[in-house]
$ cat model-v2.txt   # compact mmCIF, C-alpha atoms (C1' of nucleotides)
# COMPACT_ATOMS: atom_id res chain seq x y z
CA MET Z 1 0.00 0.00 0.00
CA ALA Z 2 1.20 3.48 -0.82
CA THR Z 3 2.20 4.88 2.57
CA GLN Z 4 -0.68 6.87 3.96
CA ILE Z 5 -0.45 10.59 3.29
CA SER Z 6 -1.71 13.00 5.93
CA LEU Z 7 -3.76 16.10 5.31
CA ASP Z 8 -1.05 17.82 7.34
CA ASP Z 9 1.56 17.05 4.72
CA THR Z 10 -0.71 17.88 1.83
CA PHE Z 11 -1.78 21.26 3.18
CA ALA Z 12 1.79 22.08 4.18
CA ALA Z 13 3.06 21.20 0.71
CA LEU Z 14 0.43 23.43 -0.88
CA ALA Z 15 1.21 26.37 1.40
CA ASP Z 16 4.07 27.46 -0.84
CA PRO Z 17 3.45 29.41 -4.06
CA THR Z 18 6.46 27.87 -5.81
CA ARG Z 19 5.14 24.38 -5.15
CA ARG Z 20 1.64 25.30 -6.32
CA ALA Z 21 3.16 26.74 -9.50
CA ILE Z 22 5.09 23.50 -10.02
CA LEU Z 23 1.88 21.51 -9.63
CA ALA Z 24 0.11 23.77 -12.10
CA ARG Z 25 2.97 23.30 -14.56
CA LEU Z 26 2.60 19.53 -14.22
CA LEU Z 27 -0.96 19.81 -15.53
CA ASP Z 28 0.68 20.31 -18.92
CA GLY Z 29 2.52 17.01 -18.65
CA GLU Z 30 5.51 15.37 -17.01
CA ALA Z 31 8.68 17.39 -16.59
CA SER Z 32 12.24 17.10 -15.35
CA VAL Z 33 13.58 19.11 -12.43
CA ALA Z 34 15.55 21.33 -14.79
CA GLU Z 35 12.43 22.05 -16.83
CA LEU Z 36 10.43 22.79 -13.70
CA ALA Z 37 13.14 25.16 -12.48
CA GLN Z 38 13.25 27.21 -15.65
CA PRO Z 39 10.56 29.82 -14.79
CA PHE Z 40 11.94 30.53 -11.31
CA ALA Z 41 14.72 32.73 -9.98
CA LEU Z 42 15.88 29.90 -7.75
CA THR Z 43 18.63 27.33 -7.95
CA VAL Z 44 17.82 23.99 -9.51
CA ARG Z 45 18.62 22.46 -6.14
CA ALA Z 46 15.92 24.54 -4.46
CA ILE Z 47 13.37 23.36 -7.02
CA SER Z 48 14.56 19.80 -6.57
CA LYS Z 49 13.83 20.17 -2.87
CA HIS Z 50 10.37 21.56 -3.58
CA VAL Z 51 9.65 18.59 -5.81
CA GLY Z 52 10.88 16.38 -2.97
CA VAL Z 53 8.35 17.98 -0.64
CA LEU Z 54 5.57 17.45 -3.18
CA GLU Z 55 6.69 13.84 -3.55
CA GLN Z 56 6.65 13.34 0.24
CA ALA Z 57 3.11 14.69 0.25
CA GLY Z 58 2.10 12.23 -2.47
CA LEU Z 59 1.29 15.02 -4.90
CA VAL Z 60 4.01 13.96 -7.30
CA THR Z 61 5.59 10.68 -8.34
CA ARG Z 62 8.83 10.33 -10.22
CA SER Z 63 10.12 7.93 -12.84
CA ARG Z 64 13.67 8.17 -14.05
CA SER Z 65 14.11 8.07 -17.80
CA ALA Z 66 17.90 8.19 -18.30
CA GLN Z 67 19.35 10.98 -16.12
CA LYS Z 68 16.09 12.90 -16.28
CA HIS Z 69 13.76 12.12 -13.43
CA LEU Z 70 10.31 12.91 -14.73
CA SER Z 71 7.81 14.27 -12.25
CA ARG Z 72 4.15 13.60 -12.62
CA ILE Z 73 1.18 15.01 -10.72
CA GLU Z 74 -0.85 12.70 -8.48
CA LEU Z 75 -4.43 13.61 -7.74
CA LYS Z 76 -5.35 11.54 -4.72
CA PRO Z 77 -4.18 14.03 -2.07
CA LEU Z 78 -6.13 16.77 -3.84
CA ARG Z 79 -9.21 14.59 -3.80
CA ASP Z 80 -8.64 14.06 -0.08
CA ILE Z 81 -8.69 17.81 0.44
CA ASP Z 82 -11.80 18.03 -1.68
CA ARG Z 83 -13.48 15.47 0.54
CA TRP Z 84 -12.30 17.29 3.64
CA LEU Z 85 -13.93 20.43 2.26
CA ASP Z 86 -17.21 18.54 1.95
CA GLY Z 87 -17.78 19.04 5.66
CA TYR Z 88 -17.82 22.80 5.11
CA ARG Z 89 -19.09 23.12 1.56
CA LYS Z 90 -22.70 22.62 2.55
CA LEU Z 91 -22.45 25.80 4.60
CA TRP Z 92 -21.76 28.02 1.64
CA GLU Z 93 -23.86 26.14 -0.84
CA GLY Z 94 -27.10 26.53 1.11
CA ARG Z 95 -29.06 29.77 1.28
CA PHE Z 96 -27.19 32.35 3.29
CA ASP Z 97 -29.71 32.67 6.09
CA ARG Z 98 -29.75 28.91 6.57
CA MET Z 99 -25.99 29.08 6.93
CA GLU Z 100 -26.42 31.75 9.54
CA ASP Z 101 -28.85 29.51 11.37
CA LEU Z 102 -26.37 26.69 11.42
CA LEU Z 103 -23.61 28.90 12.70
CA ARG Z 104 -25.69 30.33 15.47
CA ARG Z 105 -27.44 27.11 16.32
CA ASP Z 106 -25.61 26.53 19.59
CA ALA Z 107 -25.03 30.12 20.53
CA ASP Z 108 -28.62 30.48 21.74
CA LYS Z 109 -28.90 27.13 23.43
CA PRO Z 110 -29.77 27.42 27.11
CA GLU Z 111 -26.80 25.04 27.67
CA MET N 1 -12.15 45.86 2.28
CA ALA N 2 -11.17 42.86 4.38
CA THR N 3 -7.40 42.64 3.86
CA GLN N 4 -6.71 40.16 1.12
CA ILE N 5 -5.93 36.67 2.39
CA SER N 6 -3.40 34.58 0.49
CA LEU N 7 -3.75 30.90 -0.32
CA ASP N 8 -0.35 30.58 1.35
CA ASP N 9 -1.78 31.63 4.68
CA THR N 10 -4.92 29.55 4.30
CA PHE N 11 -3.09 26.35 3.40
CA ALA N 12 -0.51 26.94 6.14
CA ALA N 13 -3.26 27.48 8.70
CA LEU N 14 -4.96 24.25 7.67
CA ALA N 15 -1.73 22.24 7.80
CA ASP N 16 -2.13 21.72 11.54
CA PRO N 17 -4.50 19.09 12.96
CA THR N 18 -5.26 21.15 16.07
CA ARG N 19 -6.38 24.07 13.95
CA ARG N 20 -8.50 21.85 11.71
CA ALA N 21 -10.12 20.39 14.82
CA ILE N 22 -10.83 23.89 16.08
CA LEU N 23 -12.47 24.76 12.77
CA ALA N 24 -14.57 21.61 12.92
CA ARG N 25 -15.63 22.50 16.44
CA LEU N 26 -16.73 25.93 15.22
CA LEU N 27 -19.22 24.24 12.89
CA ASP N 28 -21.26 23.66 16.03
CA GLY N 29 -21.36 27.35 16.80
CA GLU N 30 -19.27 30.16 18.23
CA ALA N 31 -16.95 29.40 21.12
CA SER N 32 -14.53 31.07 23.51
CA VAL N 33 -10.84 30.22 23.62
CA ALA N 34 -11.32 28.34 26.88
CA GLU N 35 -14.09 26.25 25.35
CA LEU N 36 -12.01 25.55 22.27
CA ALA N 37 -9.08 24.49 24.46
CA GLN N 38 -11.07 22.01 26.49
CA PRO N 39 -10.57 18.89 24.29
CA PHE N 40 -6.81 19.37 23.92
CA ALA N 41 -3.83 18.49 26.07
CA LEU N 42 -2.38 21.93 25.43
CA THR N 43 -2.28 25.15 27.39
CA VAL N 44 -5.04 27.67 26.80
CA ARG N 45 -2.33 30.03 25.57
CA ALA N 46 -1.31 27.57 22.86
CA ILE N 47 -4.92 27.32 21.67
CA SER N 48 -5.22 31.09 21.78
CA LYS N 49 -2.23 31.24 19.44
CA HIS N 50 -3.79 28.70 17.09
CA VAL N 51 -6.96 30.76 16.96
CA GLY N 52 -4.75 33.76 16.20
CA VAL N 53 -3.28 31.92 13.22
CA LEU N 54 -6.76 31.01 11.99
CA GLU N 55 -7.81 34.63 12.41
CA GLN N 56 -4.75 35.83 10.44
CA ALA N 57 -5.75 33.43 7.68
CA GLY N 58 -9.28 34.82 7.66
CA LEU N 59 -10.77 31.50 8.71
CA VAL N 60 -12.07 32.89 11.97
CA THR N 61 -13.37 36.23 13.18
CA ARG N 62 -13.76 37.24 16.79
CA SER N 63 -16.22 39.35 18.71
CA ARG N 64 -15.76 40.05 22.38
CA SER N 65 -18.75 39.54 24.60
CA ALA N 66 -17.57 40.56 28.07
CA GLN N 67 -14.23 38.85 28.79
CA LYS N 68 -15.10 36.01 26.44
CA HIS N 69 -13.87 36.53 22.92
CA LEU N 70 -16.14 34.44 20.73
CA SER N 71 -14.61 32.86 17.67
CA ARG N 72 -16.66 32.24 14.58
CA ILE N 73 -15.80 30.35 11.43
CA GLU N 74 -15.47 32.26 8.16
CA LEU N 75 -15.98 30.38 4.91
CA LYS N 76 -14.47 32.61 2.28
CA PRO N 77 -10.91 31.20 2.47
CA LEU N 78 -12.33 27.69 2.20
CA ARG N 79 -14.27 28.71 -0.88
CA ASP N 80 -11.04 30.12 -2.28
CA ILE N 81 -9.39 26.74 -1.83
CA ASP N 82 -12.39 25.10 -3.42
CA ARG N 83 -12.02 27.37 -6.43
CA TRP N 84 -8.28 26.67 -6.57
CA LEU N 85 -9.10 22.96 -6.66
CA ASP N 86 -11.33 23.58 -9.68
CA GLY N 87 -8.23 23.67 -11.85
CA TYR N 88 -7.48 20.07 -10.89
CA ARG N 89 -10.92 18.68 -10.19
CA LYS N 90 -11.70 18.15 -13.86
CA LEU N 91 -8.81 15.70 -14.00
CA TRP N 92 -10.35 13.30 -11.55
CA GLU N 93 -13.93 13.87 -12.56
CA GLY N 94 -13.40 12.96 -16.20
CA ARG N 95 -12.96 9.44 -17.49
CA PHE N 96 -9.66 8.00 -16.37
CA ASP N 97 -8.23 7.43 -19.82
CA ARG N 98 -8.97 11.02 -20.82
CA MET N 99 -7.08 12.10 -17.73
CA GLU N 100 -4.17 9.95 -18.83
CA ASP N 101 -4.28 11.64 -22.21
CA LEU N 102 -4.10 15.04 -20.62
CA LEU N 103 -1.19 14.07 -18.44
CA ARG N 104 0.80 12.58 -21.28
CA ARG N 105 -0.16 15.20 -23.84
CA ASP N 106 3.22 16.91 -23.84
CA ALA N 107 5.34 13.87 -23.17
CA ASP N 108 5.07 12.64 -26.75
CA LYS N 109 5.46 15.98 -28.46
CA PRO N 110 8.39 16.04 -30.88
CA GLU N 111 9.34 19.36 -29.17
C1' DT M 1 -12.71 47.13 46.89
C1' DA M 2 -10.85 42.63 46.39
C1' DG M 3 -10.79 38.41 44.13
C1' DT M 4 -11.65 35.54 40.02
C1' DT M 5 -11.95 34.56 35.12
C1' DC M 6 -10.57 35.11 30.32
C1' DT M 7 -7.37 36.47 27.23
C1' DG M 8 -3.17 38.47 24.93
C1' DG M 9 1.85 40.28 25.22
C1' DA M 10 6.72 39.13 26.02
C1' DA M 11 10.46 36.22 26.30
C1' DC M 12 12.35 31.95 25.69
C1' DT M 13 13.35 27.15 23.52
C1' DA M 14 13.63 23.25 20.31
C1' DG M 15 12.61 21.92 15.98
C1' DT M 16 11.40 22.82 11.10
C1' DT M 17 11.69 25.34 6.68
C1' DG M 18 13.47 27.41 2.46
C1' DG M 19 17.21 28.77 0.68
C1' DT M 20 22.30 28.58 -0.43
C1' DT M 21 26.94 26.23 -1.93
C1' DC M 22 29.86 22.51 -2.68
C1' DT M 23 30.45 17.69 -3.69
C1' DA M 24 29.29 13.08 -5.45
C1' DT M 25 27.16 9.91 -8.59
C1' DA M 26 25.02 8.11 -12.68
C1' DA M 27 24.08 8.16 -17.43
C1' DA M 28 24.99 10.10 -22.36
C1' DG M 29 27.81 12.06 -25.86
C1' DC M 30 32.10 12.43 -28.06
C1' DG K 1 38.21 7.07 -21.35
C1' DC K 2 36.96 11.89 -20.63
C1' DT K 3 33.53 15.44 -20.48
C1' DT K 4 29.02 17.08 -19.97
C1' DT K 5 24.36 16.96 -18.05
C1' DA K 6 20.92 16.03 -14.47
C1' DT K 7 20.12 15.17 -10.06
C1' DA K 8 20.58 14.22 -4.95
C1' DG K 9 23.38 14.32 -0.43
C1' DA K 10 25.60 17.12 3.16
C1' DA K 11 26.48 21.05 5.65
C1' DC K 12 25.21 25.36 6.71
C1' DC K 13 22.27 29.68 7.81
C1' DA K 14 18.41 32.87 8.80
C1' DA K 15 13.74 32.95 9.57
C1' DC K 16 9.71 30.96 11.23
C1' DT K 17 6.75 27.72 14.17
C1' DA K 18 4.59 25.51 18.05
C1' DG K 19 4.97 25.14 22.34
C1' DT K 20 6.03 26.71 27.14
C1' DT K 21 5.90 30.08 31.42
C1' DC K 22 5.13 34.33 33.53
C1' DC K 23 2.83 38.70 33.69
C1' DA K 24 -0.69 42.36 32.80
C1' DG K 25 -5.18 44.14 31.82
C1' DA K 26 -10.14 44.00 31.27
C1' DA K 27 -14.38 42.73 32.96
C1' DC K 28 -17.48 40.21 35.76
C1' DT K 29 -18.72 38.54 41.01
C1' DA K 30 -19.16 39.04 45.78
$ encode --input "model-v2.txt" --output "structure tokens"
Amino acid sequence: MATQISLDDTFAALADPTRRAILARLLDGEASVAELAQPFALTVRAISKHVGVLEQAGLVTRSRSAQKHLSRIELKPLRDIDRWLDGYRKLWEGRFDRMEDLLRRDADKPE
Amino acid sequence: MATQISLDDTFAALADPTRRAILARLLDGEASVAELAQPFALTVRAISKHVGVLEQAGLVTRSRSAQKHLSRIELKPLRDIDRWLDGYRKLWEGRFDRMEDLLRRDADKPE
DNA sequence: TAGTTCTGGAACTAGTTGGTTCTATAAAGC
DNA sequence: GCTTTATAGAACCAACTAGTTCCAGAACTA
């Protein structure tokens, strides 16, 4: 089984704009570290570390083709976040006053 | 205007299980710091700091009623994450082989 | 007024993060 | 075989984080 990824790691990995940009780039297809580094004013090593963080968080897998290690986006952790959001989504999808009701539900309870 | 919140801050705030638990608790209604601290083996001060982080990230607003400062969940940053996910959601909602096509689209380009 | 309750500020600590540089290794190209 | 290219390991640094303890202030309670 693919070692369980925590929401902690996923959220932490996504909390960096460089890493989110790398993920977005990977929507266009697999890429090597050098290719991923190209748009940034950072060393290739720094980008390599960012990819490592994404890999740790399960958001990226790598396959080496010759010297190039191709990175590829993995969707499962994103789906996990999506499912986590489900618990809150109903609050903004309902009518606004119903949302207010939910939020205040306990506040008026006699305890 | 309510000072613009960055995805960086939102993701970072959500990368901590204590803070996610606090948010979940706030689904049941507003609560004071002391109330929020009750389920945790942490000092009230530590929880107060966590609430501060959530507040910084726009996930919580506070209103003081007497000494009690009531925290309330705010949904906008969560909706922002939901919208950010939109860019990826189509990949796991489509048929799997179409997703594969998208991912490999560039890999086979003659360049 | 005095005491209690609720919270935030300040100062500190240990551990983590995001970046650097320099070095090593593995595969391709000549 | 030597050189180049692509990447990761190691060591380092400055900044930030999550926690603590101690103290101060604001507002209820008696």
$ residues_near_point --input "model-v2.txt" --point "(28.0, 26.0, 0.1)" --cutoff "9 Å" --atoms "all atoms listed in the file" --output "number ranges by chain"
M: 20-22; K: 11-12
$ write_last_selection --input "model-v2.txt" --atoms "C-alpha atoms (C1' of nucleotides)" --output "PDB file, in the coordinates of the input"
ATOM      1  C1'  DT M  20      22.300  28.580  -0.430  1.00  0.00           C
ATOM      2  C1'  DT M  21      26.940  26.230  -1.930  1.00  0.00           C
ATOM      3  C1'  DC M  22      29.860  22.510  -2.680  1.00  0.00           C
TER       4       DC M  22
ATOM      5  C1'  DA K  11      26.480  21.050   5.650  1.00  0.00           C
ATOM      6  C1'  DC K  12      25.210  25.360   6.710  1.00  0.00           C
TER       7       DC K  12
END
$ atom_distance --input "model-v2.txt" --atom1 "atom C1' of K:DA27" --atom2 "atom CA of N:Lys68"
9.4 Å
$ residues_around --input "model-v2.txt" --residues "stretch 39-56 of chain N" --least-positions-apart "3" --cutoff "7 Å" --atoms "all atoms listed in the file" --output "PyMOL selection string"
(chain N and resi 13+19+33-34+59-61) or (chain K and resi 19)
$ atom_distance --input "model-v2.txt" --atom1 "atom CA of N:Gln38" --atom2 "atom C1' of M:DC12"
25.5 Å
$ interface_residues --input "model-v2.txt" --of "chain M" --to "chain Z" --cutoff "10 Å" --atoms "all atoms listed in the file" --output "list of chain:residue names"
M:DG18, M:DG19, M:DT20, M:DA26, M:DA27, M:DA28
$ calpha_fit_and_write --input "model-v2.txt" --fixed "chain N" --moving "chain Z" --output "PDB file with C-alpha atoms, keeping the file's coordinate frame"
ATOM      1  CA  MET Z   1     -11.974  45.953   2.274  1.00  0.00           C
ATOM      2  CA  ALA Z   2     -11.055  42.961   4.377  1.00  0.00           C
ATOM      3  CA  THR Z   3      -7.298  42.665   3.878  1.00  0.00           C
ATOM      4  CA  GLN Z   4      -6.629  40.167   1.140  1.00  0.00           C
ATOM      5  CA  ILE Z   5      -5.896  36.668   2.389  1.00  0.00           C
ATOM      6  CA  SER Z   6      -3.366  34.556   0.517  1.00  0.00           C
ATOM      7  CA  LEU Z   7      -3.716  30.901  -0.328  1.00  0.00           C
ATOM      8  CA  ASP Z   8      -0.324  30.593   1.351  1.00  0.00           C
ATOM      9  CA  ASP Z   9      -1.755  31.630   4.689  1.00  0.00           C
ATOM     10  CA  THR Z  10      -4.873  29.552   4.301  1.00  0.00           C
ATOM     11  CA  PHE Z  11      -3.052  26.347   3.402  1.00  0.00           C
ATOM     12  CA  ALA Z  12      -0.484  26.946   6.134  1.00  0.00           C
ATOM     13  CA  ALA Z  13      -3.220  27.482   8.713  1.00  0.00           C
ATOM     14  CA  LEU Z  14      -4.917  24.250   7.667  1.00  0.00           C
ATOM     15  CA  ALA Z  15      -1.696  22.238   7.816  1.00  0.00           C
ATOM     16  CA  ASP Z  16      -2.095  21.712  11.551  1.00  0.00           C
ATOM     17  CA  PRO Z  17      -4.461  19.067  12.952  1.00  0.00           C
ATOM     18  CA  THR Z  18      -5.238  21.119  16.062  1.00  0.00           C
ATOM     19  CA  ARG Z  19      -6.346  24.050  13.931  1.00  0.00           C
ATOM     20  CA  ARG Z  20      -8.464  21.831  11.683  1.00  0.00           C
ATOM     21  CA  ALA Z  21     -10.095  20.360  14.793  1.00  0.00           C
ATOM     22  CA  ILE Z  22     -10.813  23.879  16.056  1.00  0.00           C
ATOM     23  CA  LEU Z  23     -12.429  24.756  12.733  1.00  0.00           C
ATOM     24  CA  ALA Z  24     -14.520  21.600  12.851  1.00  0.00           C
ATOM     25  CA  ARG Z  25     -15.615  22.473  16.385  1.00  0.00           C
ATOM     26  CA  LEU Z  26     -16.703  25.907  15.165  1.00  0.00           C
ATOM     27  CA  LEU Z  27     -19.174  24.233  12.807  1.00  0.00           C
ATOM     28  CA  ASP Z  28     -21.242  23.628  15.935  1.00  0.00           C
ATOM     29  CA  GLY Z  29     -21.341  27.331  16.730  1.00  0.00           C
ATOM     30  CA  GLU Z  30     -19.263  30.143  18.176  1.00  0.00           C
ATOM     31  CA  ALA Z  31     -16.961  29.387  21.080  1.00  0.00           C
ATOM     32  CA  SER Z  32     -14.554  31.057  23.470  1.00  0.00           C
ATOM     33  CA  VAL Z  33     -10.862  30.213  23.608  1.00  0.00           C
ATOM     34  CA  ALA Z  34     -11.356  28.330  26.861  1.00  0.00           C
ATOM     35  CA  GLU Z  35     -14.128  26.246  25.316  1.00  0.00           C
ATOM     36  CA  LEU Z  36     -12.024  25.536  22.248  1.00  0.00           C
ATOM     37  CA  ALA Z  37      -9.111  24.466  24.444  1.00  0.00           C
ATOM     38  CA  GLN Z  38     -11.107  21.975  26.464  1.00  0.00           C
ATOM     39  CA  PRO Z  39     -10.612  18.860  24.264  1.00  0.00           C
ATOM     40  CA  PHE Z  40      -6.849  19.343  23.911  1.00  0.00           C
ATOM     41  CA  ALA Z  41      -3.869  18.475  26.081  1.00  0.00           C
ATOM     42  CA  LEU Z  42      -2.416  21.912  25.445  1.00  0.00           C
ATOM     43  CA  THR Z  43      -2.310  25.141  27.387  1.00  0.00           C
ATOM     44  CA  VAL Z  44      -5.059  27.657  26.788  1.00  0.00           C
ATOM     45  CA  ARG Z  45      -2.355  30.001  25.552  1.00  0.00           C
ATOM     46  CA  ALA Z  46      -1.336  27.536  22.845  1.00  0.00           C
ATOM     47  CA  ILE Z  47      -4.941  27.291  21.664  1.00  0.00           C
ATOM     48  CA  SER Z  48      -5.234  31.059  21.765  1.00  0.00           C
ATOM     49  CA  LYS Z  49      -2.249  31.216  19.436  1.00  0.00           C
ATOM     50  CA  HIS Z  50      -3.805  28.667  17.093  1.00  0.00           C
ATOM     51  CA  VAL Z  51      -6.969  30.736  16.966  1.00  0.00           C
ATOM     52  CA  GLY Z  52      -4.765  33.744  16.218  1.00  0.00           C
ATOM     53  CA  VAL Z  53      -3.279  31.907  13.251  1.00  0.00           C
ATOM     54  CA  LEU Z  54      -6.748  30.990  11.991  1.00  0.00           C
ATOM     55  CA  GLU Z  55      -7.786  34.618  12.417  1.00  0.00           C
ATOM     56  CA  GLN Z  56      -4.728  35.821  10.463  1.00  0.00           C
ATOM     57  CA  ALA Z  57      -5.714  33.427   7.698  1.00  0.00           C
ATOM     58  CA  GLY Z  58      -9.248  34.833   7.658  1.00  0.00           C
ATOM     59  CA  LEU Z  59     -10.743  31.507   8.682  1.00  0.00           C
ATOM     60  CA  VAL Z  60     -12.036  32.892  11.951  1.00  0.00           C
ATOM     61  CA  THR Z  61     -13.353  36.231  13.157  1.00  0.00           C
ATOM     62  CA  ARG Z  62     -13.760  37.232  16.761  1.00  0.00           C
ATOM     63  CA  SER Z  63     -16.257  39.349  18.651  1.00  0.00           C
ATOM     64  CA  ARG Z  64     -15.774  40.037  22.313  1.00  0.00           C
ATOM     65  CA  SER Z  65     -18.831  39.527  24.471  1.00  0.00           C
ATOM     66  CA  ALA Z  66     -17.684  40.546  27.975  1.00  0.00           C
ATOM     67  CA  GLN Z  67     -14.325  38.870  28.715  1.00  0.00           C
ATOM     68  CA  LYS Z  68     -15.157  36.005  26.383  1.00  0.00           C
ATOM     69  CA  HIS Z  69     -13.921  36.537  22.869  1.00  0.00           C
ATOM     70  CA  LEU Z  70     -16.172  34.429  20.699  1.00  0.00           C
ATOM     71  CA  SER Z  71     -14.623  32.853  17.638  1.00  0.00           C
ATOM     72  CA  ARG Z  72     -16.641  32.212  14.556  1.00  0.00           C
ATOM     73  CA  ILE Z  73     -15.762  30.323  11.382  1.00  0.00           C
ATOM     74  CA  GLU Z  74     -15.424  32.246   8.117  1.00  0.00           C
ATOM     75  CA  LEU Z  75     -15.946  30.390   4.880  1.00  0.00           C
ATOM     76  CA  LYS Z  76     -14.414  32.607   2.236  1.00  0.00           C
ATOM     77  CA  PRO Z  77     -10.865  31.211   2.452  1.00  0.00           C
ATOM     78  CA  LEU Z  78     -12.274  27.692   2.174  1.00  0.00           C
ATOM     79  CA  ARG Z  79     -14.198  28.717  -0.906  1.00  0.00           C
ATOM     80  CA  ASP Z  80     -10.963  30.132  -2.310  1.00  0.00           C
ATOM     81  CA  ILE Z  81      -9.317  26.752  -1.866  1.00  0.00           C
ATOM     82  CA  ASP Z  82     -12.316  25.118  -3.463  1.00  0.00           C
ATOM     83  CA  ARG Z  83     -11.935  27.382  -6.468  1.00  0.00           C
ATOM     84  CA  TRP Z  84      -8.216  26.698  -6.591  1.00  0.00           C
ATOM     85  CA  LEU Z  85      -9.032  22.991  -6.705  1.00  0.00           C
ATOM     86  CA  ASP Z  86     -11.242  23.613  -9.730  1.00  0.00           C
ATOM     87  CA  GLY Z  87      -8.141  23.704 -11.902  1.00  0.00           C
ATOM     88  CA  TYR Z  88      -7.401  20.104 -10.933  1.00  0.00           C
ATOM     89  CA  ARG Z  89     -10.844  18.690 -10.250  1.00  0.00           C
ATOM     90  CA  LYS Z  90     -11.624  18.178 -13.910  1.00  0.00           C
ATOM     91  CA  LEU Z  91      -8.736  15.726 -14.056  1.00  0.00           C
ATOM     92  CA  TRP Z  92     -10.261  13.309 -11.608  1.00  0.00           C
ATOM     93  CA  GLU Z  93     -13.843  13.873 -12.581  1.00  0.00           C
ATOM     94  CA  GLY Z  94     -13.363  12.849 -16.210  1.00  0.00           C
ATOM     95  CA  ARG Z  95     -12.956   9.251 -17.331  1.00  0.00           C
ATOM     96  CA  PHE Z  96      -9.641   7.871 -16.191  1.00  0.00           C
ATOM     97  CA  ASP Z  97      -8.166   7.315 -19.627  1.00  0.00           C
ATOM     98  CA  ARG Z  98      -8.998  10.874 -20.631  1.00  0.00           C
ATOM     99  CA  MET Z  99      -7.111  12.008 -17.557  1.00  0.00           C
ATOM    100  CA  GLU Z 100      -4.186   9.919 -18.654  1.00  0.00           C
ATOM    101  CA  ASP Z 101      -4.337  11.566 -22.050  1.00  0.00           C
ATOM    102  CA  LEU Z 102      -4.209  14.988 -20.508  1.00  0.00           C
ATOM    103  CA  LEU Z 103      -1.277  14.094 -18.330  1.00  0.00           C
ATOM    104  CA  ARG Z 104       0.712  12.648 -21.158  1.00  0.00           C
ATOM    105  CA  ARG Z 105      -0.320  15.227 -23.695  1.00  0.00           C
ATOM    106  CA  ASP Z 106       3.026  17.008 -23.815  1.00  0.00           C
ATOM    107  CA  ALA Z 107       5.233  14.063 -23.066  1.00  0.00           C
ATOM    108  CA  ASP Z 108       4.930  12.806 -26.645  1.00  0.00           C
ATOM    109  CA  LYS Z 109       5.168  16.150 -28.355  1.00  0.00           C
ATOM    110  CA  PRO Z 110       8.053  16.331 -30.809  1.00  0.00           C
ATOM    111  CA  GLU Z 111       8.960  19.607 -29.007  1.00  0.00           C
TER     112      GLU Z 111
END
$ atom_distance --input "model-v2.txt" --atom1 "atom CA of Z:Asp80" --atom2 "atom CA of Z:Ile5"
9.5 Å
$ closest_atom_pairs --input "model-v2.txt" --of "chain N" --to "chain Z" --cutoff "9 Å" --atoms "all atoms listed in the file" --output "CSV"
residue,atom,partner,partner_atom,distance
N:Leu7,CA,Z:Ala15,CA,6.9
N:Asp8,CA,Z:Ala15,CA,4.5
N:Asp9,CA,Z:Ala15,CA,6.9
N:Thr10,CA,Z:Ala15,CA,7.5
N:Phe11,CA,Z:Ala15,CA,4.7
N:Ala12,CA,Z:Ala15,CA,5.1
N:Ala13,CA,Z:Phe11,CA,8.4
N:Leu14,CA,Z:Phe11,CA,6.3
N:Ala15,CA,Z:Asp8,CA,4.5
N:Asp16,CA,Z:Asp8,CA,5.8
N:Pro17,CA,Z:Asp8,CA,6.7
N:Ala24,CA,Z:Gly87,CA,8.3
N:Leu26,CA,Z:Leu103,CA,7.9
N:Leu27,CA,Z:Leu103,CA,6.4
N:Asp28,CA,Z:Asp106,CA,6.3
N:Gly29,CA,Z:Leu103,CA,4.9
N:Glu30,CA,Z:Ala107,CA,6.2
N:Ala31,CA,Z:Ala107,CA,8.1
N:Arg72,CA,Z:Leu103,CA,7.9
N:Ile73,CA,Z:Leu103,CA,8.0
N:Leu75,CA,Z:Trp92,CA,7.0
N:Lys76,CA,Z:Trp92,CA,8.6
N:Leu78,CA,Z:Leu85,CA,7.4
N:Arg79,CA,Z:Arg89,CA,7.8
N:Ile81,CA,Z:Leu85,CA,8.8
N:Asp82,CA,Z:Asp82,CA,7.3
N:Leu85,CA,Z:Leu78,CA,7.4
N:Gly87,CA,Z:Ala24,CA,8.3
N:Tyr88,CA,Z:Leu75,CA,7.8
N:Arg89,CA,Z:Arg79,CA,7.8
N:Leu91,CA,Z:Leu75,CA,7.9
N:Trp92,CA,Z:Leu75,CA,7.0
N:Leu102,CA,Z:Gly29,CA,7.2
N:Leu103,CA,Z:Gly29,CA,4.7
N:Arg104,CA,Z:Gly29,CA,5.4
N:Arg105,CA,Z:Gly29,CA,6.1
N:Asp106,CA,Z:Gly29,CA,5.2
N:Ala107,CA,Z:Gly29,CA,6.2
